[in-house]
Structure formats: structure tokens, C-alpha cells
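See structure below.
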Amino acid sequence: MGMTEDFESSLQVLRGFDTDISVEVHEIKRAVASTSRRTTIRFAELKRKRYWFPLMVGIGLLILQQLSGINGVLFYSSNIFATAGVKNSNVATVGVGAIQVIATGITTWLVDRTGRRLLLIVSTSGMTISLLIVAVSFFVKGFVPEDSSLYSILGILSVVGVVAMVVTFSLGMGPIPWVIMSEILPVNIKGLAGSVATLANWLISFLVTMTANLLLDWSTGGTFIIYSVVSAFAVVFVSMWVPETKGRTLEEIQSSFR
């Protein structure tokens with residue numbers, strides 16, 4: 001916005017008063033100058049890698065975040081726990097919510113120590129395994145007598161799988177896609193692209209929430225298999241296309257897409 005003095009003062013406070021920010025100030029000014037020459041872009045320019053690649057990564061992560069079924073699992077967790085044989089499913093649901101808050105808090109501490117990409121890979125891998133455990137538990141329960149000890153064990157296993165899925169989601173796939181999106185999108189399309197990505201995220205969330213109950217009525221095990229396949233694809237997506245942004249300035253990240 002041209003508020004140079006305020007910008008430098010804010011950056012100095014952010015980096016610490018003993019830090020020399022002159023180099024970073026120069027880099028940011030140069031980046032702003034290059035993007036301010038044209039504040040809007042033509043549709044044809046989206047073919048350039050510096051635009052389509054970060055768009056694909058940002059929107060892809062936010063769509064996969066919802067397609068993993070997290071909101072379907074959370075919104076219908078009481079029904080899922082009741083199906084698993086938990087007597088007080090509402091208390092279990094509250095417990096899952098509390099665990100999710102704690103896991104997300106841990107992520108805020110881990111994200112700048114381990115890196116975004118590593119946490120995403122660990123998170124999506126954990127979700128895939130957890131969802132697969134839940135799916136297998138529900139499938140096997142259909143062939144086991146309800147009065148057997150194995151039936152009770154499978155019920156406990158499915159609950160553990162759901163809790164593990166929520167924990168691993170909160171450790172990476174929950175918060176980090178929003179961080180990644182804010183870091184990789186070019187300045188001159190950040191507002192529009194961020195809005196499109198957010199719209200896509202909540203549209204998919206709506207579709208997942210609306211279909212989750214129908215899928216659970218069709219087959220609980222089958223529903224978790226579908227979510228597990230999506231999470232497995234997310235592992236591949238992150239491994240192949242999501243860059244590590246830890247310790248890199250916005251200018252360095254943007255230059256890597258050119």
C-alpha cells in the first residue's frame with residue numbers, strides 16, 4: 001500500500017530489533033514492485049507455471065482436506081460410535097473434539113520445527129492407516145457374533161481408528177493446507193485464488209457432509225474405504241507436488257515456480 005515506514009517498522013518488530021533486515025526489505029520491495037506493474041492477469045497467463053502450479057497445489061490440498069471425509073466423520077461421530085458399540089456415544093464425541101483441539105495446538109508448535117511437507121506426509125499417511133483400520137473393523141464385525149469377545153475388540157478398534165484419524169488430521173491436513181496456500185500463491189492473484197480455493201473447500205465440505213450419512217447407511221466399512229483411498233491419494237499428491245516452504249521467504253517460494 002506504499003506505507004514504507006510502517007512496513008519496515010513492522011518487519012523489524014517481527015524479526016527482532018537486533019536483526020539486520022536490510023536485505024529482506026530490499027527483496028520484498030523488489031517483489032512488490034515486480035507484481036505491482038500489473039495488478040490483474042489475463043486468463044491466458046494462468047498457463048504459466050508460476051500461476052497454475054501454486055493454484056493446483058493450493059486448491060488441490062484444500063479439496064483433498066475435505067474429501068478425506070473429516071467433516072463427515074466429525075458430524076456423524078455419535079452415529080459411528082453407536083454403530084461401533086459405544087454405549088455413551090455423545091461423551092465419546094466430546095472426547096474426540098477435545099483431542100482434536102490438543103492435536104491442533106501441538107501442530108502450531110511442530111510446524112516450524114519439522115516443516116510443512118513432512119507433517120502433511122505423516123498426517124495423510126496416518127489418516128490412510130487409521131481409516132483402513134476402521135473400515136476393516138466394520139467389515140469383519142458383520143461376520144462375527146455380537147456376543148463374542150472379538151466383536152467387542154473390533155468395536156474398540158474402530159473407535160481407536162476414528163480417534164487416530166482425527167488426531168493425524170489435526171497434526172497436518174487440517175491446518176497446514178491453509179498455511180501452504182497463503183505462502184505459495186503469487187501476490188497479484190492471492191485474493192482471487194484464495195477465494196476460489198476457499199469456495200472449493202467449503203463446497204466439497206457441503207457435499208461430503210450431505211453424502212456421509214447416506215454412505216454410512218449404505219456401508220460403514222465401505223464409507224471408510226472410500227475416505228482411505230482419498231487419503232492415500234493425498235499422500236501421493238503431497239509427496240509429488242507440494243513444496244517445502246519452511247525457512248523460505250515468500251520471495252524465494254515464488255521464484256521457485258518460475
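Letters for chains follow the order of the C-alpha cells (A, B, ...), residue numbers begin at 1 for each chain, and ligand numbers begin at 1 in the order shown.
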Exercise for the section: Excluding Leu207 (chain A) and any residue of its chain fewer than 5 positions from it, enumerate the residues within 10 Å of it, using only C-alpha atoms, and give them as a VMD selection string. Expected result: chain A and resid 66 to 67 72 202 212
Fill in the blank from the handout: The residue from A:Leu157, A:Gly247, A:Glu8, A:Asp217 with the smallest atom-to-atom distance to Ile21 (chain A), counting only C-alpha atoms, is A:Glu8
Exercise for the section: Would you mind listing what lies within 12 Å of Val208 (chain A) as JSON, numbers by chain, with only C-alpha atoms counted and same-chain residues fewer than 4 positions away left out? Expected result: {"A": [63, 64, 65, 66, 67, 68, 69, 70, 71, 72, 73, 74, 75, 76, 201, 202, 203, 204, 212, 213, 214, 215, 216, 223, 226, 227]}
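Put simply, CA of Trp241 (chain A) is 6.9 Å away from CA of Val57 (chain A).
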Practice task
Check region 42-192 of chain A with DSSP on the backbone and list each residue it calls alpha helix (DSSP H), as a ChimeraX atom specification.
Solution key: /A:49-67,70-75,77-84,89-114,116-141,149-168,176-184,190-192
Practice task
For each of A:Leu132, A:Ile80, A:Val230, A:Ile176, take the minimum atom-to-atom distance to Lys246 (chain A), counting only C-alpha atoms, then give the residue where this is smallest.
Solution key: A:Ile176
